>>> print(open('run-v5.pdb').read())   # PDB, C-alpha atoms, pLDDT in the B column
ATOM      1  CA  MET A   1     -60.801 -32.379 123.953  1.00 50.00           C
ATOM      2  CA  CYS A   2     -58.714 -35.349 122.739  1.00 49.00           C
ATOM      3  CA  PHE A   3     -59.272 -38.868 123.875  1.00 46.00           C
ATOM      4  CA  TYR A   4     -56.263 -41.280 124.207  1.00 46.00           C
ATOM      5  CA  PRO A   5     -56.207 -44.839 125.302  1.00 48.00           C
ATOM      6  CA  GLY A   6     -56.545 -45.209 128.997  1.00 49.00           C
ATOM      7  CA  SER A   7     -59.448 -42.751 129.128  1.00 46.00           C
ATOM      8  CA  LEU A   8     -57.211 -39.774 129.472  1.00 46.00           C
ATOM      9  CA  GLN A   9     -58.654 -36.542 128.322  1.00 49.00           C
ATOM     10  CA  LEU A  10     -56.074 -33.980 127.306  1.00 47.00           C
ATOM     11  CA  PRO A  11     -56.539 -30.731 125.610  1.00 49.00           C
ATOM     12  CA  CYS A  12     -55.294 -30.582 121.999  1.00 48.00           C
ATOM     13  CA  THR A  13     -55.587 -28.437 118.984  1.00 45.00           C
ATOM     14  CA  ILE A  14     -56.254 -29.934 115.517  1.00 43.00           C
ATOM     15  CA  ARG A  15     -55.572 -27.996 112.352  1.00 47.00           C
ATOM     16  CA  ILE A  16     -57.174 -29.124 109.197  1.00 41.00           C
ATOM     17  CA  ALA A  17     -55.109 -28.363 106.071  1.00 42.00           C
ATOM     18  CA  THR A  18     -56.949 -27.797 102.954  1.00 43.00           C
ATOM     19  CA  VAL A  19     -55.138 -29.196  99.790  1.00 42.00           C
ATOM     20  CA  PHE A  20     -56.190 -27.831  96.462  1.00 45.00           C
ATOM     21  CA  ILE A  21     -55.397 -30.168  93.522  1.00 45.00           C
ATOM     22  CA  GLU A  22     -55.559 -28.642  90.053  1.00 49.00           C
ATOM     23  CA  ASN A  23     -57.186 -30.918  87.684  1.00 52.00           C
ATOM     24  CA  ARG A  24     -55.501 -30.287  84.219  1.00 53.00           C
ATOM     25  CA  PRO A  25     -56.623 -32.132  81.135  1.00 51.00           C
ATOM     26  CA  GLU A  26     -54.065 -34.694  79.699  1.00 53.00           C
ATOM     27  CA  LEU A  27     -52.958 -34.277  76.048  1.00 50.00           C
ATOM     28  CA  PRO A  28     -52.667 -37.508  74.156  1.00 57.00           C
ATOM     29  CA  VAL A  29     -49.163 -38.007  72.364  1.00 53.00           C
ATOM     30  CA  ASP A  30     -48.875 -40.320  69.420  1.00 58.00           C
ATOM     31  CA  LYS A  31     -45.714 -42.503  69.108  1.00 57.00           C
ATOM     32  CA  GLY A  32     -45.496 -41.717  65.405  1.00 60.00           C
ATOM     33  CA  ASP A  33     -45.014 -38.037  66.194  1.00 62.00           C
ATOM     34  CA  ILE A  34     -41.999 -38.866  68.421  1.00 68.00           C
ATOM     35  CA  LEU A  35     -40.350 -40.942  65.679  1.00 70.00           C
ATOM     36  CA  THR A  36     -40.928 -38.205  63.127  1.00 71.00           C
ATOM     37  CA  VAL A  37     -39.230 -35.599  65.333  1.00 65.00           C
ATOM     38  CA  ALA A  38     -36.277 -37.940  66.033  1.00 70.00           C
ATOM     39  CA  GLY A  39     -35.848 -38.810  62.371  1.00 71.00           C
ATOM     40  CA  GLY A  40     -35.902 -35.158  61.348  1.00 72.00           C
ATOM     41  CA  THR A  41     -33.240 -34.361  63.921  1.00 75.00           C
ATOM     42  CA  VAL A  42     -30.969 -37.132  62.554  1.00 70.00           C
ATOM     43  CA  VAL A  43     -31.444 -35.926  58.974  1.00 69.00           C
ATOM     44  CA  ILE A  44     -30.565 -32.352  59.949  1.00 76.00           C
ATOM     45  CA  LEU A  45     -27.371 -33.550  61.710  1.00 74.00           C
ATOM     46  CA  LEU A  46     -26.305 -35.628  58.681  1.00 73.00           C
ATOM     47  CA  VAL A  47     -26.816 -32.716  56.299  1.00 66.00           C
ATOM     48  CA  ALA A  48     -24.819 -30.412  58.600  1.00 69.00           C
ATOM     49  CA  VAL A  49     -21.915 -32.899  58.841  1.00 63.00           C
ATOM     50  CA  ILE A  50     -21.803 -33.405  55.049  1.00 71.00           C
ATOM     51  CA  ALA A  51     -21.913 -29.667  54.371  1.00 66.00           C
ATOM     52  CA  ASN A  52     -19.241 -28.865  57.011  1.00 66.00           C
ATOM     53  CA  PRO A  53     -16.957 -31.831  57.849  1.00 63.00           C
ATOM     54  CA  GLY A  54     -15.060 -29.741  60.412  1.00 60.00           C
ATOM     55  CA  LEU A  55     -18.175 -29.521  62.527  1.00 57.00           C
ATOM     56  CA  LEU A  56     -17.808 -33.164  63.547  1.00 56.00           C
ATOM     57  CA  SER A  57     -14.235 -32.653  64.831  1.00 55.00           C
ATOM     58  CA  SER A  58     -15.415 -29.717  66.976  1.00 53.00           C
ATOM     59  CA  VAL A  59     -18.181 -31.834  68.499  1.00 52.00           C
ATOM     60  CA  LEU A  60     -16.081 -34.938  69.219  1.00 53.00           C
ATOM     61  CA  PRO A  61     -14.117 -34.874  72.483  1.00 53.00           C
ATOM     62  CA  GLY A  62     -10.421 -33.998  72.172  1.00 50.00           C
ATOM     63  CA  PRO A  63      -7.437 -35.276  74.150  1.00 49.00           C
ATOM     64  CA  ALA A  64      -6.859 -34.708  77.854  1.00 51.00           C
ATOM     65  CA  GLY A  65      -6.159 -31.022  77.305  1.00 50.00           C
ATOM     66  CA  GLY A  66      -9.719 -30.485  76.279  1.00 48.00           C
ATOM     67  CA  HIS A  67      -8.981 -29.219  72.752  1.00 50.00           C
ATOM     68  CA  ALA A  68      -9.599 -31.093  69.575  1.00 49.00           C
ATOM     69  CA  VAL A  69      -6.408 -31.774  67.572  1.00 49.00           C
ATOM     70  CA  GLN A  70      -6.737 -31.591  63.844  1.00 54.00           C
ATOM     71  CA  GLU A  71      -4.390 -33.997  62.118  1.00 53.00           C
ATOM     72  CA  PRO A  72      -2.067 -32.273  59.615  1.00 52.00           C
ATOM     73  CA  VAL A  73      -2.673 -32.945  55.974  1.00 52.00           C
ATOM     74  CA  PRO A  74       0.510 -34.422  54.438  1.00 50.00           C
ATOM     75  CA  SER A  75       2.006 -32.254  51.727  1.00 52.00           C
ATOM     76  CA  VAL A  76       2.959 -33.837  48.431  1.00 50.00           C
ATOM     77  CA  THR A  77       6.119 -32.500  46.780  1.00 54.00           C
ATOM     78  CA  GLN A  78       6.348 -33.053  43.058  1.00 59.00           C
ATOM     79  CA  THR A  79       9.896 -33.790  41.904  1.00 54.00           C
ATOM     80  CA  PRO A  80      10.551 -32.318  38.462  1.00 55.00           C
ATOM     81  CA  VAL A  81      11.432 -34.925  35.890  1.00 51.00           C
ATOM     82  CA  SER A  82      14.319 -33.937  33.667  1.00 50.00           C
ATOM     83  CA  VAL A  83      13.878 -34.849  30.046  1.00 49.00           C
ATOM     84  CA  VAL A  84      17.076 -36.059  28.433  1.00 46.00           C
ATOM     85  CA  SER A  85      16.999 -35.726  24.710  1.00 48.00           C
ATOM     86  CA  ALA A  86      18.879 -38.237  22.643  1.00 50.00           C
ATOM     87  CA  MET A  87      21.889 -36.349  21.345  1.00 55.00           C
ATOM     88  CA  PRO A  88      23.992 -37.870  18.583  1.00 55.00           C
ATOM     89  CA  THR A  89      27.467 -38.942  19.611  1.00 54.00           C
ATOM     90  CA  PRO A  90      29.969 -36.587  17.981  1.00 54.00           C
ATOM     91  CA  ALA A  91      32.346 -38.213  15.598  1.00 53.00           C
ATOM     92  CA  VAL A  92      35.948 -38.452  16.702  1.00 51.00           C
ATOM     93  CA  ASN A  93      38.328 -37.034  14.145  1.00 54.00           C
ATOM     94  CA  ARG A  94      41.541 -38.981  14.283  1.00 54.00           C
ATOM     95  CA  THR A  95      44.456 -37.020  12.903  1.00 53.00           C
ATOM     96  CA  PRO A  96      47.870 -38.395  12.139  1.00 53.00           C
ATOM     97  CA  ALA A  97      50.713 -37.921  14.543  1.00 55.00           C
ATOM     98  CA  PRO A  98      52.130 -34.389  14.516  1.00 57.00           C
ATOM     99  CA  PRO A  99      55.245 -33.919  12.389  1.00 55.00           C
ATOM    100  CA  PRO A 100      58.592 -33.807  14.136  1.00 61.00           C
ATOM    101  CA  PRO A 101      60.451 -30.531  14.691  1.00 75.00           C
ATOM    102  CA  LEU A 102      61.828 -29.406  11.353  1.00 87.00           C
ATOM    103  CA  PHE A 103      65.488 -30.183  10.842  1.00 94.00           C
ATOM    104  CA  ARG A 104      67.283 -27.290   9.206  1.00 97.00           C
ATOM    105  CA  ILE A 105      69.995 -28.157   6.735  1.00 98.00           C
ATOM    106  CA  THR A 106      72.971 -25.760   6.651  1.00 98.00           C
ATOM    107  CA  TYR A 107      76.243 -25.525   4.778  1.00 98.00           C
ATOM    108  CA  THR A 108      79.298 -27.498   5.827  1.00 97.00           C
ATOM    109  CA  ASN A 109      82.654 -26.061   6.839  1.00 96.00           C
ATOM    110  CA  THR A 110      84.579 -29.037   5.354  1.00 95.00           C
ATOM    111  CA  PRO A 111      83.441 -29.282   1.716  1.00 94.00           C
ATOM    112  CA  PHE A 112      86.715 -30.777   0.468  1.00 95.00           C
ATOM    113  CA  SER A 113      86.076 -33.982   2.368  1.00 95.00           C
ATOM    114  CA  TYR A 114      83.171 -34.833   0.072  1.00 98.00           C
ATOM    115  CA  PRO A 115      83.620 -37.154  -2.919  1.00 97.00           C
ATOM    116  CA  VAL A 116      82.147 -34.612  -5.399  1.00 97.00           C
ATOM    117  CA  ILE A 117      82.226 -30.853  -4.858  1.00 96.00           C
ATOM    118  CA  HIS A 118      81.436 -29.366  -8.307  1.00 96.00           C
ATOM    119  CA  LEU A 119      78.277 -29.133 -10.330  1.00 97.00           C
ATOM    120  CA  PRO A 120      78.136 -31.015 -13.648  1.00 95.00           C
ATOM    121  CA  ASP A 121      78.552 -29.066 -16.881  1.00 92.00           C
ATOM    122  CA  HIS A 122      75.159 -29.919 -18.320  1.00 91.00           C
ATOM    123  CA  MET A 123      72.393 -29.293 -15.802  1.00 92.00           C
ATOM    124  CA  GLU A 124      69.714 -29.397 -18.484  1.00 89.00           C
ATOM    125  CA  VAL A 125      69.773 -33.174 -18.438  1.00 90.00           C
ATOM    126  CA  TYR A 126      67.818 -33.198 -15.169  1.00 90.00           C
ATOM    127  CA  GLY A 127      64.790 -31.703 -16.853  1.00 83.00           C
ATOM    128  CA  ALA A 128      61.864 -29.893 -15.297  1.00 87.00           C
ATOM    129  CA  SER A 129      59.657 -30.736 -12.319  1.00 91.00           C
ATOM    130  CA  SER A 130      58.807 -34.331 -11.552  1.00 90.00           C
ATOM    131  CA  THR A 131      55.337 -35.776 -11.259  1.00 88.00           C
ATOM    132  CA  PRO A 132      54.139 -35.264  -7.656  1.00 87.00           C
ATOM    133  CA  LEU A 133      53.996 -38.272  -5.408  1.00 86.00           C
ATOM    134  CA  LEU A 134      50.585 -39.924  -5.211  1.00 76.00           C
ATOM    135  CA  ALA A 135      49.661 -38.746  -1.726  1.00 71.00           C
ATOM    136  CA  ASN A 136      46.926 -36.487  -0.396  1.00 75.00           C
ATOM    137  CA  THR A 137      48.946 -35.334   2.609  1.00 88.00           C
ATOM    138  CA  THR A 138      52.683 -34.904   3.043  1.00 91.00           C
ATOM    139  CA  VAL A 139      54.905 -34.188   6.034  1.00 93.00           C
ATOM    140  CA  THR A 140      57.801 -31.744   5.871  1.00 95.00           C
ATOM    141  CA  PHE A 141      60.633 -33.269   7.872  1.00 95.00           C
ATOM    142  CA  ALA A 142      63.524 -30.934   6.956  1.00 97.00           C
ATOM    143  CA  TYR A 143      64.218 -27.671   5.136  1.00 98.00           C
ATOM    144  CA  MET A 144      66.959 -25.373   3.919  1.00 98.00           C
ATOM    145  CA  GLU A 145      66.687 -21.574   3.590  1.00 98.00           C
ATOM    146  CA  GLU A 146      69.599 -19.510   2.306  1.00 98.00           C
ATOM    147  CA  SER A 147      70.578 -16.761  -0.161  1.00 97.00           C
ATOM    148  CA  SER A 148      74.027 -18.044  -1.188  1.00 97.00           C
ATOM    149  CA  GLY A 149      75.517 -21.274  -2.550  1.00 97.00           C
ATOM    150  CA  GLY A 150      77.792 -23.981  -1.176  1.00 97.00           C
ATOM    151  CA  LEU A 151      77.876 -27.637  -0.069  1.00 98.00           C
ATOM    152  CA  THR A 152      75.435 -28.719   2.614  1.00 98.00           C
ATOM    153  CA  GLN A 153      76.125 -30.898   5.598  1.00 98.00           C
ATOM    154  CA  VAL A 154      75.442 -34.606   5.229  1.00 98.00           C
ATOM    155  CA  PHE A 155      71.896 -35.562   6.187  1.00 97.00           C
ATOM    156  CA  SER A 156      70.085 -38.888   6.325  1.00 96.00           C
ATOM    157  CA  VAL A 157      66.667 -39.637   4.809  1.00 96.00           C
ATOM    158  CA  PRO A 158      64.950 -42.863   6.003  1.00 95.00           C
ATOM    159  CA  TYR A 159      61.944 -42.717   3.655  1.00 95.00           C
ATOM    160  CA  GLN A 160      61.754 -44.780   0.469  1.00 92.00           C
ATOM    161  CA  ALA A 161      59.904 -41.988  -1.347  1.00 95.00           C
ATOM    162  CA  TRP A 162      60.155 -38.260  -0.700  1.00 97.00           C
ATOM    163  CA  ALA A 163      60.539 -34.981  -2.600  1.00 97.00           C
ATOM    164  CA  LEU A 164      62.454 -31.695  -2.837  1.00 97.00           C
ATOM    165  CA  ASN A 165      59.995 -28.785  -3.013  1.00 97.00           C
ATOM    166  CA  ILE A 166      62.086 -25.800  -4.199  1.00 98.00           C
ATOM    167  CA  SER A 167      61.060 -22.128  -4.236  1.00 98.00           C
ATOM    168  CA  VAL A 168      63.379 -19.393  -5.541  1.00 98.00           C
ATOM    169  CA  THR A 169      62.830 -15.640  -5.031  1.00 97.00           C
ATOM    170  CA  ALA A 170      64.579 -13.258  -7.451  1.00 97.00           C
ATOM    171  CA  ASN A 171      63.120  -9.763  -7.334  1.00 96.00           C
ATOM    172  CA  THR A 172      66.260  -7.628  -7.662  1.00 94.00           C
ATOM    173  CA  GLN A 173      67.401  -8.719 -11.133  1.00 94.00           C
ATOM    174  CA  PRO A 174      65.188 -11.608 -12.172  1.00 95.00           C
ATOM    175  CA  GLN A 175      66.463 -11.572 -15.783  1.00 96.00           C
ATOM    176  CA  TYR A 176      69.886 -12.689 -14.561  1.00 96.00           C
ATOM    177  CA  SER A 177      68.734 -15.007 -11.800  1.00 97.00           C
ATOM    178  CA  LEU A 178      69.942 -18.612 -11.906  1.00 96.00           C
ATOM    179  CA  PHE A 179      69.584 -21.361  -9.314  1.00 97.00           C
ATOM    180  CA  ARG A 180      71.275 -24.758  -9.730  1.00 97.00           C
ATOM    181  CA  MET A 181      71.317 -27.734  -7.362  1.00 98.00           C
ATOM    182  CA  VAL A 182      72.286 -31.435  -7.390  1.00 98.00           C
ATOM    183  CA  LEU A 183      71.586 -34.082  -4.742  1.00 98.00           C
ATOM    184  CA  CYS A 184      74.496 -36.471  -4.250  1.00 98.00           C
ATOM    185  CA  ASP A 185      75.073 -39.767  -2.460  1.00 98.00           C
ATOM    186  CA  ALA A 186      77.332 -39.106   0.539  1.00 98.00           C
ATOM    187  CA  GLN A 187      79.325 -42.323   0.063  1.00 96.00           C
ATOM    188  CA  THR A 188      79.928 -42.403  -3.698  1.00 97.00           C
ATOM    189  CA  GLY A 189      79.208 -38.857  -4.854  1.00 97.00           C
ATOM    190  CA  ASP A 190      76.760 -40.132  -7.472  1.00 97.00           C
ATOM    191  CA  ILE A 191      74.181 -37.557  -8.493  1.00 97.00           C
ATOM    192  CA  ILE A 192      70.670 -38.694  -7.565  1.00 97.00           C
ATOM    193  CA  THR A 193      68.749 -35.760  -9.061  1.00 97.00           C
ATOM    194  CA  GLY A 194      69.203 -32.094  -9.911  1.00 97.00           C
ATOM    195  CA  SER A 195      67.367 -28.830 -10.580  1.00 97.00           C
ATOM    196  CA  GLU A 196      67.911 -25.640 -12.553  1.00 96.00           C
ATOM    197  CA  ILE A 197      65.621 -22.590 -12.152  1.00 96.00           C
ATOM    198  CA  GLN A 198      66.054 -19.402 -14.179  1.00 95.00           C
ATOM    199  CA  ASN A 199      64.419 -16.050 -13.346  1.00 95.00           C
ATOM    200  CA  GLY A 200      63.014 -17.384 -10.090  1.00 95.00           C
ATOM    201  CA  GLY A 201      60.134 -19.765  -9.607  1.00 96.00           C
ATOM    202  CA  THR A 202      59.436 -23.201  -8.169  1.00 96.00           C
ATOM    203  CA  MET A 203      60.304 -26.807  -8.942  1.00 96.00           C
ATOM    204  CA  TYR A 204      59.271 -30.187  -7.512  1.00 96.00           C
ATOM    205  CA  LYS A 205      61.697 -33.124  -7.655  1.00 97.00           C
ATOM    206  CA  ALA A 206      60.632 -36.607  -6.525  1.00 96.00           C
ATOM    207  CA  VAL A 207      63.307 -38.816  -4.996  1.00 97.00           C
ATOM    208  CA  ARG A 208      63.095 -42.600  -4.580  1.00 95.00           C
ATOM    209  CA  SER A 209      66.255 -43.183  -2.641  1.00 94.00           C
ATOM    210  CA  SER A 210      67.144 -43.247   1.040  1.00 96.00           C
ATOM    211  CA  GLY A 211      70.341 -43.000   3.005  1.00 97.00           C
ATOM    212  CA  LYS A 212      72.978 -40.323   3.618  1.00 98.00           C
ATOM    213  CA  MET A 213      73.120 -37.451   1.139  1.00 98.00           C
ATOM    214  CA  TYR A 214      74.238 -33.871   0.607  1.00 98.00           C
ATOM    215  CA  MET A 215      73.497 -31.063  -1.873  1.00 98.00           C
ATOM    216  CA  ILE A 216      75.684 -28.854  -4.050  1.00 98.00           C
ATOM    217  CA  ILE A 217      74.046 -25.455  -4.669  1.00 98.00           C
ATOM    218  CA  SER A 218      75.007 -22.508  -6.892  1.00 98.00           C
ATOM    219  CA  VAL A 219      73.097 -19.198  -7.128  1.00 98.00           C
ATOM    220  CA  ASP A 220      73.369 -16.049  -9.242  1.00 97.00           C
ATOM    221  CA  TYR A 221      71.292 -12.918  -8.524  1.00 97.00           C
ATOM    222  CA  VAL A 222      69.004 -14.853  -6.182  1.00 98.00           C
ATOM    223  CA  ASP A 223      67.461 -12.993  -3.257  1.00 97.00           C
ATOM    224  CA  SER A 224      66.607 -16.163  -1.311  1.00 98.00           C
ATOM    225  CA  PHE A 225      65.539 -19.757  -1.779  1.00 98.00           C
ATOM    226  CA  ARG A 226      63.888 -22.440   0.313  1.00 98.00           C
ATOM    227  CA  ILE A 227      63.958 -26.206  -0.120  1.00 98.00           C
ATOM    228  CA  ASN A 228      61.407 -28.319   1.797  1.00 98.00           C
ATOM    229  CA  LEU A 229      62.043 -32.033   2.179  1.00 97.00           C
ATOM    230  CA  GLU A 230      58.628 -33.742   2.183  1.00 96.00           C
ATOM    231  CA  THR A 231      57.361 -37.304   2.404  1.00 95.00           C
ATOM    232  CA  PRO A 232      53.859 -38.843   2.276  1.00 93.00           C
ATOM    233  CA  VAL A 233      52.198 -39.428   5.635  1.00 92.00           C
ATOM    234  CA  GLN A 234      52.120 -43.220   5.221  1.00 90.00           C
ATOM    235  CA  TYR A 235      55.901 -43.361   4.838  1.00 91.00           C
ATOM    236  CA  TYR A 236      56.395 -41.101   7.808  1.00 92.00           C
ATOM    237  CA  VAL A 237      54.149 -43.323   9.959  1.00 90.00           C
ATOM    238  CA  GLN A 238      55.883 -46.503   8.786  1.00 88.00           C
ATOM    239  CA  ALA A 239      59.313 -45.147   9.627  1.00 87.00           C
ATOM    240  CA  GLY A 240      58.173 -43.929  13.059  1.00 77.00           C
ATOM    241  CA  PRO A 241      59.048 -40.732  14.940  1.00 62.00           C
ATOM    242  CA  ALA A 242      62.534 -42.027  15.772  1.00 59.00           C
ATOM    243  CA  ALA A 243      63.498 -41.695  12.106  1.00 61.00           C
TER     244      ALA A 243
END
>>> encode(input="run-v5.pdb", output="structure tokens")
Amino acid sequence: MCFYPGSLQLPCTIRIATVFIENRPELPVDKGDILTVAGGTVVILLVAVIANPGLLSSVLPGPAGGHAVQEPVPSVTQTPVSVVSAMPTPAVNRTPAPPPPLFRITYTNTPFSYPVIHLPDHMEVYGASSTPLLANTTVTFAYMEESSGGLTQVFSVPYQAWALNISVTANTQPQYSLFRMVLCDAQTGDIITGSEIQNGGTMYKAVRSSGKMYMIISVDYVDSFRINLETPVQYYVQAGPAA
């Protein structure tokens, strides 16, 4: 029976629950042990990060996509350096102006208009070769190449010093070969110089006269001859190409 206020007696049922509490013994924990464990954990993490730096990037959170982005390592391109060796400057060889086209002297068709048309009787007075002009280099400005005699056309020489370089070829009958030549003034007919060559050979005749001239030439048993008109380079340069 259960009694309530107001003296009411009502039937009731009371259940008594039995609670069993396990009484376990508590283990005492020292604060020093907790600090030791925490410190060891930190040391292990530091050693792992130093040994493997990429481990830290995998642990840290990445961008919104959820993946960690590894920044690219810039590449360094090495530009080759060209080594320029000091080369000596080549010397410039300055050569004189090229000689003009050779003027060929030929025979005239009007020999009787000249003041003198015959060779002198005594050619031996003109002697042998002259002393060459004092020049290291000469320029040939005219030439004559023939195998017979006659009177040449009038030609003009502007140089104050020049030379006749004569070469005679006589292979057929050299014992009878005879070459004779005189250089004459075209206005007066005066003989400037002359040459006589027997049995073939060469002769050099220096001339120190300028102006208009012509030659009288006689040959016997001569196969061919050539006469080069030459002047030193300094005289050619002074006169200029127009000469």
>>> atom_distance(input="run-v5.pdb", atom1="atom CA of A:Gly211", atom2="atom CA of A:Gln153")
13.7 Å
>>> residues_around(input="run-v5.pdb", residues="stretch 137-142 of chain A", least_positions_apart="4", cutoff="10 Å", atoms="only C-alpha atoms", output="list in words")
Pro98, Pro99, Pro100, Pro101, Leu102, Phe103, Arg104, Ile105, Leu133, Phe155, Val157, Trp162, Ala163, Leu164, Asn165, Ile227, Asn228, Leu229, Glu230, Thr231, Pro232, Val233, Gln234, Tyr235, Tyr236, Val237 and Ala243 of chain A
>>> write_last_selection(input="run-v5.pdb", atoms="C-alpha atoms", output="mmCIF file, in the frame of the given file")
data_model
loop_
_atom_site.group_PDB
_atom_site.id
_atom_site.type_symbol
_atom_site.label_atom_id
_atom_site.label_comp_id
_atom_site.auth_asym_id
_atom_site.auth_seq_id
_atom_site.Cartn_x
_atom_site.Cartn_y
_atom_site.Cartn_z
ATOM 1 C CA PRO A 98 52.130 -34.389 14.516
ATOM 2 C CA PRO A 99 55.245 -33.919 12.389
ATOM 3 C CA PRO A 100 58.592 -33.807 14.136
ATOM 4 C CA PRO A 101 60.451 -30.531 14.691
ATOM 5 C CA LEU A 102 61.828 -29.406 11.353
ATOM 6 C CA PHE A 103 65.488 -30.183 10.842
ATOM 7 C CA ARG A 104 67.283 -27.290 9.206
ATOM 8 C CA ILE A 105 69.995 -28.157 6.735
ATOM 9 C CA LEU A 133 53.996 -38.272 -5.408
ATOM 10 C CA PHE A 155 71.896 -35.562 6.187
ATOM 11 C CA VAL A 157 66.667 -39.637 4.809
ATOM 12 C CA TRP A 162 60.155 -38.260 -0.700
ATOM 13 C CA ALA A 163 60.539 -34.981 -2.600
ATOM 14 C CA LEU A 164 62.454 -31.695 -2.837
ATOM 15 C CA ASN A 165 59.995 -28.785 -3.013
ATOM 16 C CA ILE A 227 63.958 -26.206 -0.120
ATOM 17 C CA ASN A 228 61.407 -28.319 1.797
ATOM 18 C CA LEU A 229 62.043 -32.033 2.179
ATOM 19 C CA GLU A 230 58.628 -33.742 2.183
ATOM 20 C CA THR A 231 57.361 -37.304 2.404
ATOM 21 C CA PRO A 232 53.859 -38.843 2.276
ATOM 22 C CA VAL A 233 52.198 -39.428 5.635
ATOM 23 C CA GLN A 234 52.120 -43.220 5.221
ATOM 24 C CA TYR A 235 55.901 -43.361 4.838
ATOM 25 C CA TYR A 236 56.395 -41.101 7.808
ATOM 26 C CA VAL A 237 54.149 -43.323 9.959
ATOM 27 C CA ALA A 243 63.498 -41.695 12.106
#
>>> closest_residue(input="run-v5.pdb", among="A:Gln160, A:Thr188, A:Gln198, A:Ser148", to="A:Ala128", atoms="all atoms listed in the file")
A:Gln198
>>> closest_residue(input="run-v5.pdb", among="A:Gly127, A:Pro115, A:Gly40, A:Pro132", to="A:Thr193", atoms="all atoms listed in the file")
A:Gly127
>>> residues_around(input="run-v5.pdb", residues="A:Glu146", least_positions_apart="6", cutoff="9 Å", atoms="all atoms listed in the file", output="ChimeraX atom specification")
/A:106,223-226
>>> atom_distance(input="run-v5.pdb", atom1="atom CA of A:Thr131", atom2="atom CA of A:His118")
27.0 Å
>>> residues_near_point(input="run-v5.pdb", point="(75.7, -23.2, -2.4)", cutoff="6 Å", atoms="all atoms listed in the file", output="PyMOL selection string")
chain A and resi 148-151+216-218
>>> atom_distance(input="run-v5.pdb", atom1="atom CA of A:Thr152", atom2="atom CA of A:Leu178")
18.5 Å
>>> resolve_selection(input="run-v5.pdb", expression="the PyMOL selection byres ((chain A and resi 202) around 6)", output="list in words")
Ile166, Ser167, Gly201 and Met203 of chain A
>>> resolve_selection(input="run-v5.pdb", expression="the PyMOL selection byres ((chain A and resi 220) around 7)", output="MDAnalysis selection string")
chainID A and resid 177:179 219 221:222
>>> closest_residue(input="run-v5.pdb", among="A:Val154, A:Leu134, A:Ile117, A:Leu35", to="A:Ala206", atoms="all atoms listed in the file")
A:Leu134
>>> closest_residue(input="run-v5.pdb", among="A:Gln238, A:Asn199, A:Gln187, A:Ser130", to="A:Ser113", atoms="all atoms listed in the file")
A:Gln187
>>> decode(input="run-v5.pdb", residues="stretch 166-175 of chain A", atoms="N, CA, C and O atoms", output="short mmCIF file (atom, residue, chain, number, x, y, z; two decimals), in the first residue's frame")
data_model
loop_
_atom_site.label_atom_id
_atom_site.label_comp_id
_atom_site.auth_asym_id
_atom_site.auth_seq_id
_atom_site.Cartn_x
_atom_site.Cartn_y
_atom_site.Cartn_z
N ILE A 166 115.25 47.23 -125.66
CA ILE A 166 115.21 46.59 -126.98
C ILE A 166 115.64 45.14 -126.86
O ILE A 166 116.63 44.81 -126.19
N SER A 167 114.89 44.25 -127.53
CA SER A 167 115.23 42.82 -127.58
C SER A 167 115.09 42.36 -129.03
O SER A 167 114.03 42.52 -129.65
N VAL A 168 116.17 41.76 -129.55
CA VAL A 168 116.21 41.32 -130.94
C VAL A 168 116.39 39.81 -130.99
O VAL A 168 117.29 39.26 -130.34
N THR A 169 115.54 39.12 -131.78
CA THR A 169 115.64 37.67 -131.95
C THR A 169 116.12 37.38 -133.37
O THR A 169 115.50 37.82 -134.35
N ALA A 170 117.21 36.61 -133.47
CA ALA A 170 117.79 36.26 -134.77
C ALA A 170 118.27 34.81 -134.69
O ALA A 170 119.44 34.54 -134.38
N ASN A 171 117.37 33.89 -134.96
CA ASN A 171 117.71 32.47 -134.89
C ASN A 171 118.00 31.85 -136.25
O ASN A 171 118.65 30.80 -136.32
N THR A 172 117.50 32.45 -137.31
CA THR A 172 117.66 31.84 -138.65
C THR A 172 119.11 31.92 -139.12
O THR A 172 119.76 30.90 -139.40
N GLN A 173 119.63 33.14 -139.18
CA GLN A 173 121.03 33.35 -139.58
C GLN A 173 121.62 34.42 -138.66
O GLN A 173 121.78 35.58 -139.05
N PRO A 174 121.92 34.05 -137.45
CA PRO A 174 122.38 35.07 -136.49
C PRO A 174 123.70 35.72 -136.89
O PRO A 174 123.96 36.87 -136.51
N GLN A 175 124.56 35.02 -137.66
CA GLN A 175 125.84 35.60 -138.03
C GLN A 175 125.69 36.80 -138.96
O GLN A 175 126.60 37.64 -139.05
#
